[in-house]
>>> print(open('entry27.txt').read())   # compact mmCIF, C-alpha atoms
# COMPACT_ATOMS: atom_id res chain seq x y z
CA MET A 1 -248.90 -30.40 132.32
CA GLU A 2 -249.56 -28.47 129.13
CA CYS A 3 -247.08 -26.86 126.75
CA ASP A 4 -246.81 -23.09 127.33
CA LYS A 5 -247.12 -22.49 123.59
CA CYS A 6 -249.83 -24.82 122.31
CA GLY A 7 -251.54 -26.72 125.10
CA ARG A 8 -250.33 -30.18 124.04
CA ASP A 9 -248.72 -32.43 126.66
CA ALA A 10 -245.37 -31.03 127.81
CA VAL A 11 -242.38 -33.39 127.62
CA MET A 12 -240.03 -31.27 129.73
CA ASN A 13 -239.72 -28.37 132.11
CA ALA A 14 -236.77 -26.01 132.38
CA ALA A 15 -236.56 -24.85 135.98
CA TYR A 16 -234.18 -22.00 135.01
CA SER A 17 -236.81 -20.38 132.77
CA GLY A 18 -240.04 -21.88 134.13
CA ALA A 19 -240.89 -23.17 130.64
CA HIS A 20 -242.98 -26.29 129.98
CA LEU A 21 -242.77 -27.41 126.35
CA CYS A 22 -244.19 -30.14 124.15
CA GLU A 23 -241.93 -32.14 121.83
CA THR A 24 -242.42 -29.80 118.87
CA HIS A 25 -241.88 -26.58 120.76
CA PHE A 26 -238.97 -27.99 122.77
CA CYS A 27 -237.17 -29.02 119.55
CA ARG A 28 -237.91 -25.62 118.01
CA SER A 29 -236.57 -23.89 121.11
CA ILE A 30 -233.28 -25.84 120.90
CA GLU A 31 -232.85 -25.03 117.20
CA LYS A 32 -233.67 -21.38 117.81
CA ARG A 33 -231.07 -21.06 120.57
CA VAL A 34 -228.37 -22.69 118.42
CA ARG A 35 -229.13 -20.39 115.48
CA ARG A 36 -229.16 -17.34 117.74
CA ARG A 37 -225.75 -18.31 119.16
CA ILE A 38 -224.36 -18.71 115.61
CA ARG A 39 -225.70 -15.25 114.76
CA GLU A 40 -224.48 -13.59 117.96
CA ASP A 41 -221.04 -15.14 117.58
CA SER A 42 -220.90 -13.91 113.95
CA LEU A 43 -219.89 -17.35 112.71
CA ILE A 44 -220.71 -16.48 109.12
CA PRO A 45 -218.45 -13.69 107.89
CA ARG A 46 -220.13 -11.00 105.80
CA ASP A 47 -217.74 -11.64 102.92
CA ALA A 48 -218.62 -15.36 102.56
CA THR A 49 -219.99 -15.98 99.05
CA PRO A 50 -220.89 -19.05 96.96
CA GLU A 51 -217.64 -18.42 95.02
CA ASP A 52 -215.57 -18.08 98.21
CA PRO A 53 -217.51 -20.06 100.81
CA GLU A 54 -216.91 -20.44 104.52
CA ARG A 55 -215.76 -23.99 105.34
CA TRP A 56 -216.76 -25.54 108.65
CA VAL A 57 -215.16 -28.73 109.91
CA ILE A 58 -217.41 -30.31 112.55
CA GLY A 59 -215.79 -32.51 115.19
CA LEU A 60 -218.17 -35.50 115.09
CA SER A 61 -217.54 -38.10 117.79
CA GLY A 62 -220.87 -39.90 117.49
CA GLY A 63 -221.89 -38.83 121.00
CA LYS A 64 -225.16 -36.96 121.48
CA ASP A 65 -223.63 -33.46 121.46
CA SER A 66 -221.78 -33.63 118.16
CA VAL A 67 -224.62 -35.60 116.53
CA VAL A 68 -227.16 -32.92 117.53
CA LEU A 69 -224.79 -30.16 116.38
CA THR A 70 -224.23 -31.80 112.98
CA GLN A 71 -227.97 -32.43 112.48
CA ILE A 72 -228.97 -28.83 113.30
CA LEU A 73 -226.13 -27.30 111.24
CA ASP A 74 -227.08 -29.44 108.25
CA GLU A 75 -230.76 -28.56 108.54
CA THR A 76 -229.96 -24.86 108.93
CA PHE A 77 -227.11 -24.39 106.48
CA GLY A 78 -227.08 -27.55 104.32
CA ASN A 79 -228.50 -25.63 101.36
CA ASP A 80 -226.65 -22.36 102.01
CA PRO A 81 -224.15 -21.93 99.15
CA ARG A 82 -221.97 -19.67 101.33
CA ILE A 83 -221.14 -22.55 103.67
CA GLU A 84 -219.43 -25.90 103.12
CA MET A 85 -219.45 -28.46 105.90
CA LEU A 86 -217.65 -31.70 106.55
CA ALA A 87 -217.64 -33.96 109.60
CA LEU A 88 -214.35 -35.19 111.07
CA THR A 89 -214.25 -38.24 113.35
CA ILE A 90 -211.22 -39.32 115.36
CA HIS A 91 -210.90 -43.00 116.31
CA GLU A 92 -208.74 -43.25 119.43
CA GLY A 93 -208.29 -47.02 119.34
CA ILE A 94 -210.78 -47.83 122.09
CA GLU A 95 -212.25 -51.18 121.13
CA GLY A 96 -216.02 -51.46 121.28
CA TYR A 97 -216.64 -47.95 122.57
CA ARG A 98 -215.38 -45.95 119.61
CA ASP A 99 -216.31 -48.59 117.01
CA LYS A 100 -219.98 -48.13 117.94
CA SER A 101 -219.83 -44.35 117.92
CA VAL A 102 -218.10 -44.40 114.52
CA ASP A 103 -221.09 -46.43 113.28
CA ALA A 104 -223.34 -43.61 114.57
CA CYS A 105 -221.19 -41.05 112.70
CA VAL A 106 -221.40 -43.02 109.46
CA GLU A 107 -225.18 -43.48 109.82
CA LEU A 108 -225.72 -39.77 110.48
CA SER A 109 -223.45 -38.49 107.71
CA GLU A 110 -225.07 -40.90 105.22
CA SER A 111 -228.58 -39.80 106.24
CA LEU A 112 -227.58 -36.13 105.89
CA ASP A 113 -225.40 -36.73 102.83
CA ILE A 114 -222.59 -34.75 104.45
CA ARG A 115 -218.91 -35.43 103.70
CA HIS A 116 -217.38 -37.55 106.47
CA GLU A 117 -213.69 -38.11 107.19
CA LEU A 118 -212.30 -40.62 109.68
CA VAL A 119 -208.76 -40.52 111.05
CA THR A 120 -207.30 -42.90 113.62
CA TYR A 121 -204.62 -42.56 116.28
CA GLU A 122 -203.21 -45.85 115.02
CA ASP A 123 -202.69 -44.66 111.42
CA GLU A 124 -201.61 -41.15 112.33
CA ILE A 125 -199.43 -41.57 115.38
CA GLY A 126 -199.05 -45.31 115.73
CA VAL A 127 -200.80 -45.73 119.08
CA LYS A 128 -204.13 -47.07 120.38
CA MET A 129 -205.63 -45.64 123.56
CA ASP A 130 -206.38 -49.16 124.87
CA ASP A 131 -202.59 -49.84 124.85
CA VAL A 132 -201.69 -46.37 126.18
CA ALA A 133 -204.10 -46.77 129.12
CA GLU A 134 -202.42 -50.11 129.86
CA SER A 135 -198.76 -49.02 129.63
CA ASP A 136 -199.15 -45.42 130.94
CA PRO A 137 -195.43 -44.48 130.75
CA MET A 138 -195.95 -40.94 132.12
CA ASN A 139 -198.13 -42.06 135.05
CA MET A 140 -201.05 -39.84 133.92
CA ALA A 141 -204.77 -40.27 133.43
CA PRO A 142 -205.61 -41.74 129.98
CA CYS A 143 -207.59 -38.55 129.20
CA ALA A 144 -204.37 -36.52 129.54
CA TYR A 145 -202.73 -38.40 126.64
CA CYS A 146 -205.95 -38.64 124.67
CA GLY A 147 -206.71 -34.89 124.89
CA VAL A 148 -203.25 -34.00 123.51
CA PHE A 149 -203.57 -36.47 120.63
CA ARG A 150 -207.15 -35.48 119.77
CA ARG A 151 -206.41 -31.75 119.74
CA ASP A 152 -203.38 -32.35 117.52
CA LEU A 153 -205.31 -34.44 114.98
CA LEU A 154 -208.37 -32.16 114.95
CA GLU A 155 -206.12 -29.17 114.32
CA ARG A 156 -204.02 -30.93 111.68
CA TYR A 157 -206.97 -32.28 109.73
CA ALA A 158 -209.10 -29.16 110.06
CA ASP A 159 -206.13 -27.37 108.48
CA GLU A 160 -205.66 -30.03 105.79
CA PHE A 161 -209.35 -29.83 104.84
CA GLY A 162 -209.09 -26.05 104.55
CA ALA A 163 -211.32 -25.24 107.53
CA SER A 164 -212.25 -21.62 108.19
CA LYS A 165 -213.52 -22.77 111.59
CA LEU A 166 -213.62 -25.92 113.68
CA LEU A 167 -217.02 -26.45 115.32
CA THR A 168 -217.44 -28.71 118.35
CA GLY A 169 -220.46 -29.91 120.32
CA HIS A 170 -219.58 -28.53 123.76
CA ASN A 171 -222.78 -27.83 125.68
CA LEU A 172 -223.63 -25.48 128.56
CA ASP A 173 -222.61 -28.01 131.23
CA ASP A 174 -219.21 -28.62 129.56
CA GLU A 175 -218.49 -24.91 129.34
CA ALA A 176 -219.74 -24.08 132.86
CA GLN A 177 -217.53 -26.90 134.20
CA THR A 178 -214.49 -25.56 132.34
CA ALA A 179 -215.24 -22.03 133.58
CA MET A 180 -215.46 -23.26 137.18
CA MET A 181 -212.26 -25.28 136.84
CA ASN A 182 -210.37 -22.25 135.49
CA PHE A 183 -211.77 -20.09 138.31
CA LEU A 184 -210.93 -22.61 141.01
CA GLU A 185 -207.43 -23.10 139.63
CA GLY A 186 -207.01 -19.30 139.64
CA ASP A 187 -205.85 -19.47 136.04
CA VAL A 188 -206.77 -16.03 134.68
CA LYS A 189 -204.36 -16.30 131.73
CA GLN A 190 -206.19 -19.47 130.68
CA VAL A 191 -209.50 -17.58 131.00
CA ALA A 192 -208.04 -14.90 128.70
CA LYS A 193 -206.84 -17.47 126.15
CA HIS A 194 -210.26 -19.14 126.15
CA PHE A 195 -211.83 -15.95 124.76
CA ASP A 196 -209.77 -15.72 121.57
CA ALA A 197 -209.55 -19.50 121.11
CA SER A 198 -213.22 -20.45 121.21
CA LEU A 199 -215.49 -18.34 123.41
CA GLY A 200 -215.74 -14.82 122.04
CA SER A 201 -217.89 -13.57 119.20
CA PHE A 202 -215.85 -13.43 115.99
CA ASP A 203 -216.48 -9.66 116.00
CA ASP A 204 -214.54 -9.33 119.26
CA ARG A 205 -211.84 -11.96 118.96
CA ASN A 206 -208.24 -11.36 118.02
CA GLU A 207 -207.62 -13.94 115.30
CA GLN A 208 -204.86 -16.33 116.24
CA SER A 209 -203.18 -17.00 112.95
CA GLU A 210 -201.42 -20.14 114.24
CA PHE A 211 -204.59 -22.07 115.01
CA ILE A 212 -207.92 -22.80 113.31
CA PRO A 213 -210.54 -20.76 115.20
CA ARG A 214 -213.05 -22.81 117.15
CA ALA A 215 -216.71 -22.27 117.91
CA LYS A 216 -219.23 -23.98 120.18
CA PRO A 217 -222.77 -23.33 118.94
CA LEU A 218 -224.39 -25.60 121.59
CA ARG A 219 -222.94 -23.76 124.56
CA ASP A 220 -226.28 -22.22 125.59
CA ILE A 221 -228.00 -25.62 125.79
CA PRO A 222 -227.90 -27.68 129.00
CA GLU A 223 -226.49 -31.16 128.45
CA LYS A 224 -229.75 -32.82 129.47
CA GLU A 225 -231.65 -30.87 126.81
CA VAL A 226 -229.14 -31.83 124.11
CA ALA A 227 -229.63 -35.48 125.09
CA LEU A 228 -233.41 -35.15 125.22
CA TYR A 229 -233.41 -33.57 121.75
CA ALA A 230 -231.34 -36.50 120.40
CA HIS A 231 -233.75 -38.94 122.07
CA LEU A 232 -236.94 -37.25 120.83
CA ARG A 233 -235.65 -36.96 117.27
CA ASP A 234 -234.28 -40.50 117.40
CA LEU A 235 -230.85 -39.38 116.19
CA PRO A 236 -228.14 -42.07 115.95
CA ALA A 237 -226.24 -40.91 119.05
CA HIS A 238 -224.03 -43.25 121.02
CA ILE A 239 -224.39 -42.74 124.76
CA THR A 240 -221.83 -44.75 126.68
CA GLU A 241 -219.09 -43.76 129.04
CA CYS A 242 -215.54 -44.14 127.72
CA PRO A 243 -214.05 -47.20 129.48
CA HIS A 244 -210.88 -45.21 130.23
CA ALA A 245 -212.71 -42.10 131.54
CA SER A 246 -210.81 -40.78 134.51
CA GLU A 247 -211.36 -37.07 134.76
CA ALA A 248 -212.06 -37.14 138.47
CA TYR A 249 -211.92 -33.37 138.99
CA ARG A 250 -214.31 -32.56 136.14
CA GLY A 251 -216.69 -35.23 137.48
CA GLU A 252 -216.60 -33.58 140.90
CA ILE A 253 -217.41 -30.18 139.38
CA GLN A 254 -220.18 -31.73 137.25
CA LYS A 255 -221.92 -33.09 140.35
CA LEU A 256 -221.42 -29.83 142.24
CA LEU A 257 -223.04 -27.88 139.39
CA TRP A 258 -225.98 -30.32 139.23
CA LYS A 259 -226.55 -29.76 142.94
CA LEU A 260 -226.29 -25.97 142.58
CA GLU A 261 -228.64 -26.05 139.59
CA GLU A 262 -231.19 -28.03 141.62
CA ASN A 263 -231.15 -25.51 144.46
CA HIS A 264 -230.61 -22.38 142.36
CA PRO A 265 -231.94 -22.89 138.82
CA GLY A 266 -230.03 -20.84 136.26
CA THR A 267 -226.64 -21.20 137.96
CA ARG A 268 -224.93 -22.65 134.86
CA HIS A 269 -226.25 -19.86 132.64
CA SER A 270 -225.08 -17.17 135.06
CA ILE A 271 -221.66 -18.79 135.57
CA LEU A 272 -221.10 -18.81 131.82
CA ALA A 273 -222.51 -15.32 131.20
CA GLY A 274 -220.21 -13.87 133.86
CA TYR A 275 -217.28 -15.97 132.67
CA GLU A 276 -217.68 -14.75 129.09
CA GLU A 277 -217.63 -11.15 130.22
CA LEU A 278 -214.62 -11.72 132.45
CA SER A 279 -212.78 -13.63 129.74
CA LYS A 280 -213.19 -10.65 127.39
CA LEU A 281 -211.76 -8.31 130.02
CA ALA A 282 -208.94 -10.75 130.77
CA ALA A 283 -208.20 -11.12 127.05
CA ASP A 284 -207.95 -7.33 126.67
CA GLN A 285 -205.57 -7.25 129.63
CA TYR A 286 -203.36 -10.21 128.78
CA ARG A 287 -203.29 -10.20 124.97
CA GLY A 288 -199.71 -10.08 123.78
CA ALA A 289 -198.29 -10.19 127.32
CA GLY A 290 -195.69 -12.90 127.75
CA GLU A 291 -196.62 -14.58 124.49
CA VAL A 292 -194.10 -17.04 123.22
CA THR A 293 -193.18 -17.44 119.59
CA LEU A 294 -194.47 -20.71 118.22
CA ASN A 295 -192.21 -22.95 116.16
CA GLU A 296 -192.95 -25.98 114.04
CA CYS A 297 -192.28 -29.28 115.79
CA GLU A 298 -189.14 -30.79 114.23
CA GLU A 299 -190.88 -34.18 114.11
CA CYS A 300 -194.41 -33.52 112.87
CA GLY A 301 -194.71 -29.80 112.09
CA SER A 302 -197.36 -29.06 114.75
CA LYS A 303 -197.16 -25.70 116.54
CA THR A 304 -195.04 -25.79 119.68
CA SER A 305 -193.17 -23.37 121.93
CA GLY A 306 -190.14 -25.71 121.98
CA THR A 307 -188.53 -27.87 119.34
CA ARG A 308 -190.69 -30.97 119.78
CA CYS A 309 -194.41 -30.83 120.46
CA ARG A 310 -196.14 -32.42 123.45
CA LYS A 311 -197.77 -35.08 121.28
CA CYS A 312 -194.42 -36.27 119.86
CA LYS A 313 -192.90 -36.35 123.36
CA LEU A 314 -195.79 -38.49 124.61
CA VAL A 315 -195.58 -40.80 121.59
CA ASP A 316 -191.83 -41.24 122.24
CA ALA A 317 -192.52 -42.13 125.87
CA ILE A 318 -195.17 -44.66 124.82
CA HIS A 319 -192.90 -46.31 122.26
CA ALA A 320 -190.01 -46.43 124.74
CA VAL A 321 -191.96 -48.78 127.04
CA MET B 1 -249.36 -45.17 146.33
CA ASP B 2 -246.70 -47.71 145.37
CA VAL B 3 -244.69 -46.98 142.23
CA THR B 4 -242.40 -49.26 140.27
CA VAL B 5 -239.40 -47.37 138.88
CA ASP B 6 -237.32 -49.03 136.16
CA VAL B 7 -233.95 -47.44 135.53
CA VAL B 8 -233.03 -48.50 131.98
CA GLY B 9 -229.91 -50.66 131.97
CA GLU B 10 -229.71 -50.52 135.78
CA ASP B 11 -232.02 -51.66 138.55
CA THR B 12 -235.70 -51.53 139.51
CA HIS B 13 -237.05 -49.77 142.61
CA GLU B 14 -240.37 -50.11 144.45
CA LEU B 15 -241.20 -46.79 146.10
CA THR B 16 -244.11 -45.41 148.06
CA VAL B 17 -245.16 -41.87 147.17
CA ASP B 18 -247.66 -39.40 148.55
CA ALA B 19 -249.85 -36.89 146.70
CA GLU B 20 -247.11 -34.24 146.75
CA THR B 21 -244.28 -36.37 145.31
CA THR B 22 -242.93 -35.15 141.96
CA TYR B 23 -241.08 -37.14 139.31
CA ALA B 24 -237.94 -35.20 140.30
CA ASP B 25 -238.39 -36.45 143.90
CA LEU B 26 -238.72 -39.98 142.54
CA VAL B 27 -235.48 -39.59 140.57
CA ARG B 28 -233.63 -38.36 143.68
CA GLU B 29 -235.04 -41.28 145.69
CA THR B 30 -233.40 -43.71 143.25
CA GLY B 31 -230.04 -41.97 143.67
CA TRP B 32 -229.84 -40.10 140.37
CA SER B 33 -229.88 -36.36 139.67
CA PRO B 34 -232.81 -34.94 137.67
CA GLN B 35 -230.06 -33.21 135.64
CA GLU B 36 -228.84 -36.49 134.14
CA VAL B 37 -232.03 -38.41 133.37
CA THR B 38 -235.47 -38.07 131.85
CA VAL B 39 -238.58 -39.74 133.22
CA LEU B 40 -240.74 -41.68 130.77
CA VAL B 41 -244.40 -42.51 131.33
CA ASP B 42 -245.70 -44.94 128.70
CA GLY B 43 -242.54 -44.24 126.69
CA THR B 44 -242.98 -40.46 126.59
CA PRO B 45 -240.88 -37.94 128.58
CA VAL B 46 -242.75 -35.97 131.24
CA PRO B 47 -241.82 -32.70 133.00
CA GLU B 48 -240.10 -33.65 136.26
CA ASP B 49 -241.88 -30.95 138.28
CA GLN B 50 -245.20 -32.80 137.78
CA ARG B 51 -246.71 -34.83 140.58
CA VAL B 52 -246.56 -38.60 140.21
CA THR B 53 -249.94 -39.99 139.16
CA VAL B 54 -249.01 -43.39 137.70
CA ASP B 55 -247.77 -46.60 139.31
CA HIS B 56 -245.04 -47.40 136.77
CA VAL B 57 -242.34 -45.07 135.44
CA THR B 58 -239.12 -45.53 133.53
CA ILE B 59 -235.97 -43.51 134.16
CA LEU B 60 -233.72 -43.10 131.13
CA ARG B 61 -230.13 -42.03 131.76
CA LEU B 62 -229.27 -39.35 129.22
CA ILE B 63 -225.76 -38.51 130.37
CA LYS B 64 -222.87 -40.80 131.08
CA GLY B 65 -220.29 -38.70 132.84
CA GLY B 66 -216.57 -38.62 132.72
CA SER B 67 -215.68 -38.54 129.04
CA GLN B 68 -213.44 -35.76 127.86
CA ARG B 69 -214.13 -33.91 124.66
CA ALA B 70 -211.63 -32.07 122.58
>>> encode(input="entry27.txt", output="structure tokens")
Amino acid sequence: MECDKCGRDAVMNAAYSGAHLCETHFCRSIEKRVRRRIREDSLIPRDATPEDPERWVIGLSGGKDSVVLTQILDETFGNDPRIEMLALTIHEGIEGYRDKSVDACVELSESLDIRHELVTYEDEIGVKMDDVAESDPMNMAPCAYCGVFRRDLLERYADEFGASKLLTGHNLDDEAQTAMMNFLEGDVKQVAKHFDASLGSFDDRNEQSEFIPRAKPLRDIPEKEVALYAHLRDLPAHITECPHASEAYRGEIQKLLWKLEENHPGTRHSILAGYEELSKLAADQYRGAGEVTLNECEECGSKTSGTRCRKCKLVDAIHAV
Amino acid sequence: MDVTVDVVGEDTHELTVDAETTYADLVRETGWSPQEVTVLVDGTPVPEDQRVTVDHVTILRLIKGGSQRA
């Protein structure tokens, strides 16, 4: 099968668009879609200047998504004096698994000459996920603890490093799964929050002064294409399942969406397009309604609706075992 | 035609295909979804909607499910 653009051998087909592309044109297509998303989401404010640059902190786990994101951002904006970038890696204390992906992060940031910062659960909150998964004082999935800790550290360090925005490598499959989960849980307020927190264009969002705004420039790219891009460009991505992975519901939705995509190509794109529109409407409806005042956690200073944040409560429970 | 299918890091399958079988069909036969793998012929990815014309292919898993991102 020939490439639609040049007649060389195609390396992939995208059933949702009918495209067949060779390595060169496939890679170009990925880069083009990421840059278009950055433009459409207005990630670079008009008032960013070399004297007062925009600072992006990139959540770099060493998995294929964040590695591809970091590579494309560096190639696109590495020489743009209006933008400063640094990569932030969180080590959860998962022996073997995270050690290898940290190696991938170090290799990538050295090859790109991008500033790289590493923080660990052990140094910051005194826990390792291997131990938490073992003791499990709250009788929850390991991902439930890990998600709280990771969000807290990403937020804290993005703030400490003066981030204007926190960029993560969520792809189309991740976002379509989250959209479906919010739909199926009937959680329209969560859909509304999603818009201002990470989904909307910066032209349309209401800035949430309490949190660093997030952006997901890979959210138009199917997960398989992100992985194929990493493979073709031989990027140092670490592809292994977390040994504590236990998100059963997300896994169920992932398989459902694969099946739907097989039978009805383009399903993920249409789910997300509709979800984005709905989330804007929901945000307009729910903004300001029932919002609680956020306080600083008395223990660590993180934002919380109570007196102690969720992370500190979980850490207490872990240390009480 | 008989085709040997190596799934990297997993198992090997011996399958019989006809003239209409695509690489995507082959992937489904081995129990994977075409959404989570790429098919390599002589080390190079091929579009999965192509018909199978070789007697040895490699399936590379691109996605390992289940991990949660921030």
>>> closest_residue(input="entry27.txt", among="A:Cys300, A:Ile253, A:Val188, A:Val321", to="A:Glu134", atoms="all atoms listed in the file")
A:Val321
>>> residues_near_point(input="entry27.txt", point="(-201.9, -33.4, 112.9)", cutoff="8 Å", atoms="all atoms listed in the file", output="PyMOL selection string")
chain A and resi 124+152-157+300+302
>>> closest_atom_pairs(input="entry27.txt", of="chain A", to="chain B", cutoff="9 Å", atoms="only C-alpha atoms", output="JSON lines")
{"residue": "A:Met1", "atom": "CA", "partner": "B:Gln50", "partner_atom": "CA", "distance": 7.0}
{"residue": "A:Asp9", "atom": "CA", "partner": "B:Val46", "partner_atom": "CA", "distance": 8.3}
{"residue": "A:Ala10", "atom": "CA", "partner": "B:Pro47", "partner_atom": "CA", "distance": 6.5}
{"residue": "A:Val11", "atom": "CA", "partner": "B:Val46", "partner_atom": "CA", "distance": 4.5}
{"residue": "A:Met12", "atom": "CA", "partner": "B:Pro47", "partner_atom": "CA", "distance": 4.0}
{"residue": "A:Asn13", "atom": "CA", "partner": "B:Pro47", "partner_atom": "CA", "distance": 4.9}
{"residue": "A:Ala14", "atom": "CA", "partner": "B:Pro47", "partner_atom": "CA", "distance": 8.4}
{"residue": "A:Ala15", "atom": "CA", "partner": "B:Asp49", "partner_atom": "CA", "distance": 8.4}
{"residue": "A:His20", "atom": "CA", "partner": "B:Pro47", "partner_atom": "CA", "distance": 7.2}
{"residue": "A:Leu21", "atom": "CA", "partner": "B:Pro47", "partner_atom": "CA", "distance": 8.6}
{"residue": "A:Glu23", "atom": "CA", "partner": "B:Pro45", "partner_atom": "CA", "distance": 9.0}
{"residue": "A:Gly59", "atom": "CA", "partner": "B:Ala70", "partner_atom": "CA", "distance": 8.5}
{"residue": "A:Ser61", "atom": "CA", "partner": "B:Arg69", "partner_atom": "CA", "distance": 8.7}
{"residue": "A:Cys143", "atom": "CA", "partner": "B:Gln68", "partner_atom": "CA", "distance": 6.6}
{"residue": "A:Cys146", "atom": "CA", "partner": "B:Gln68", "partner_atom": "CA", "distance": 8.6}
{"residue": "A:Gly147", "atom": "CA", "partner": "B:Ala70", "partner_atom": "CA", "distance": 6.1}
{"residue": "A:Val148", "atom": "CA", "partner": "B:Ala70", "partner_atom": "CA", "distance": 8.6}
{"residue": "A:Arg150", "atom": "CA", "partner": "B:Ala70", "partner_atom": "CA", "distance": 6.3}
{"residue": "A:Arg151", "atom": "CA", "partner": "B:Ala70", "partner_atom": "CA", "distance": 6.0}
{"residue": "A:Leu154", "atom": "CA", "partner": "B:Ala70", "partner_atom": "CA", "distance": 8.3}
{"residue": "A:Thr168", "atom": "CA", "partner": "B:Ala70", "partner_atom": "CA", "distance": 7.9}
{"residue": "A:Gly169", "atom": "CA", "partner": "B:Arg69", "partner_atom": "CA", "distance": 8.7}
{"residue": "A:His170", "atom": "CA", "partner": "B:Arg69", "partner_atom": "CA", "distance": 7.7}
{"residue": "A:Asp174", "atom": "CA", "partner": "B:Arg69", "partner_atom": "CA", "distance": 8.8}
{"residue": "A:Pro222", "atom": "CA", "partner": "B:Gln35", "partner_atom": "CA", "distance": 8.9}
{"residue": "A:Glu223", "atom": "CA", "partner": "B:Ile63", "partner_atom": "CA", "distance": 7.6}
{"residue": "A:Lys224", "atom": "CA", "partner": "B:Glu36", "partner_atom": "CA", "distance": 6.0}
{"residue": "A:Ala227", "atom": "CA", "partner": "B:Leu62", "partner_atom": "CA", "distance": 5.7}
{"residue": "A:Leu228", "atom": "CA", "partner": "B:Leu62", "partner_atom": "CA", "distance": 7.1}
{"residue": "A:His231", "atom": "CA", "partner": "B:Leu62", "partner_atom": "CA", "distance": 8.4}
{"residue": "A:Leu232", "atom": "CA", "partner": "B:Pro45", "partner_atom": "CA", "distance": 8.7}
{"residue": "A:Ile239", "atom": "CA", "partner": "B:Lys64", "partner_atom": "CA", "distance": 6.8}
{"residue": "A:Thr240", "atom": "CA", "partner": "B:Lys64", "partner_atom": "CA", "distance": 6.0}
{"residue": "A:Glu241", "atom": "CA", "partner": "B:Lys64", "partner_atom": "CA", "distance": 5.2}
{"residue": "A:Cys242", "atom": "CA", "partner": "B:Ser67", "partner_atom": "CA", "distance": 5.8}
{"residue": "A:Pro243", "atom": "CA", "partner": "B:Ser67", "partner_atom": "CA", "distance": 8.8}
{"residue": "A:His244", "atom": "CA", "partner": "B:Ser67", "partner_atom": "CA", "distance": 8.3}
{"residue": "A:Ala245", "atom": "CA", "partner": "B:Ser67", "partner_atom": "CA", "distance": 5.3}
{"residue": "A:Ser246", "atom": "CA", "partner": "B:Gly66", "partner_atom": "CA", "distance": 6.4}
{"residue": "A:Glu247", "atom": "CA", "partner": "B:Gly66", "partner_atom": "CA", "distance": 5.8}
{"residue": "A:Ala248", "atom": "CA", "partner": "B:Gly66", "partner_atom": "CA", "distance": 7.5}
{"residue": "A:Arg250", "atom": "CA", "partner": "B:Gly66", "partner_atom": "CA", "distance": 7.3}
{"residue": "A:Gly251", "atom": "CA", "partner": "B:Gly66", "partner_atom": "CA", "distance": 5.8}
{"residue": "A:Gln254", "atom": "CA", "partner": "B:Gly65", "partner_atom": "CA", "distance": 8.2}
{"residue": "A:Lys255", "atom": "CA", "partner": "B:Ser33", "partner_atom": "CA", "distance": 8.6}
{"residue": "A:Trp258", "atom": "CA", "partner": "B:Gln35", "partner_atom": "CA", "distance": 6.2}
{"residue": "A:Lys259", "atom": "CA", "partner": "B:Ser33", "partner_atom": "CA", "distance": 8.1}
{"residue": "A:Glu261", "atom": "CA", "partner": "B:Gln35", "partner_atom": "CA", "distance": 8.3}
{"residue": "A:Glu262", "atom": "CA", "partner": "B:Gln35", "partner_atom": "CA", "distance": 8.0}
>>> residues_near_point(input="entry27.txt", point="(-227.3, -20.5, 109.7)", cutoff="10 Å", atoms="only C-alpha atoms", output="list in words")
Val34, Arg35, Arg36, Arg37, Ile38, Arg39, Leu43, Ile44, Ile72, Leu73, Asp74, Glu75, Thr76, Phe77, Gly78, Asn79, Asp80, Arg82 and Ile83 of chain A
>>> atom_distance(input="entry27.txt", atom1="atom CA of A:Asp4", atom2="atom CA of A:Ala19")
6.8 Å
>>> residues_around(input="entry27.txt", residues="A:Tyr121", least_positions_apart="3", cutoff="8 Å", atoms="all atoms listed in the file", output="VMD selection string")
chain A and resid 90 to 93 124 to 129 149
>>> atom_distance(input="entry27.txt", atom1="atom CA of A:Gly301", atom2="atom CA of A:Leu314")
15.3 Å
>>> closest_residue(input="entry27.txt", among="A:Phe26, A:Tyr275, A:Phe211, A:Tyr286", to="A:Glu175", atoms="all atoms listed in the file")
A:Tyr275
>>> residues_around(input="entry27.txt", residues="B:Asp55", least_positions_apart="3", cutoff="10 Å", atoms="all atoms listed in the file", output="ChimeraX atom specification")
/B:1-5,14-17,41,52
>>> write_last_selection(input="entry27.txt", atoms="C-alpha atoms", output="PDB file, in the coordinates of the input")
ATOM      1  CA  MET B   1    -249.360 -45.170 146.330  1.00  0.00           C
ATOM      2  CA  ASP B   2    -246.700 -47.710 145.370  1.00  0.00           C
ATOM      3  CA  VAL B   3    -244.690 -46.980 142.230  1.00  0.00           C
ATOM      4  CA  THR B   4    -242.400 -49.260 140.270  1.00  0.00           C
ATOM      5  CA  VAL B   5    -239.400 -47.370 138.880  1.00  0.00           C
ATOM      6  CA  GLU B  14    -240.370 -50.110 144.450  1.00  0.00           C
ATOM      7  CA  LEU B  15    -241.200 -46.790 146.100  1.00  0.00           C
ATOM      8  CA  THR B  16    -244.110 -45.410 148.060  1.00  0.00           C
ATOM      9  CA  VAL B  17    -245.160 -41.870 147.170  1.00  0.00           C
ATOM     10  CA  VAL B  41    -244.400 -42.510 131.330  1.00  0.00           C
ATOM     11  CA  VAL B  52    -246.560 -38.600 140.210  1.00  0.00           C
TER      12      VAL B  52
END
>>> atom_distance(input="entry27.txt", atom1="atom CA of A:Thr120", atom2="atom CA of A:Asp159")
16.4 Å
>>> closest_residue(input="entry27.txt", among="B:Glu29, B:Asp11, B:Thr22, B:Asp6", to="B:His56", atoms="only C-alpha atoms")
B:Asp6
>>> residues_around(input="entry27.txt", residues="A:Lys303", least_positions_apart="6", cutoff="12 Å", atoms="only C-alpha atoms", output="JSON, numbers by chain")
{"A": [151, 152, 155, 156, 209, 210, 211, 212, 292, 293, 294, 295, 296, 297, 309, 310, 311, 312]}
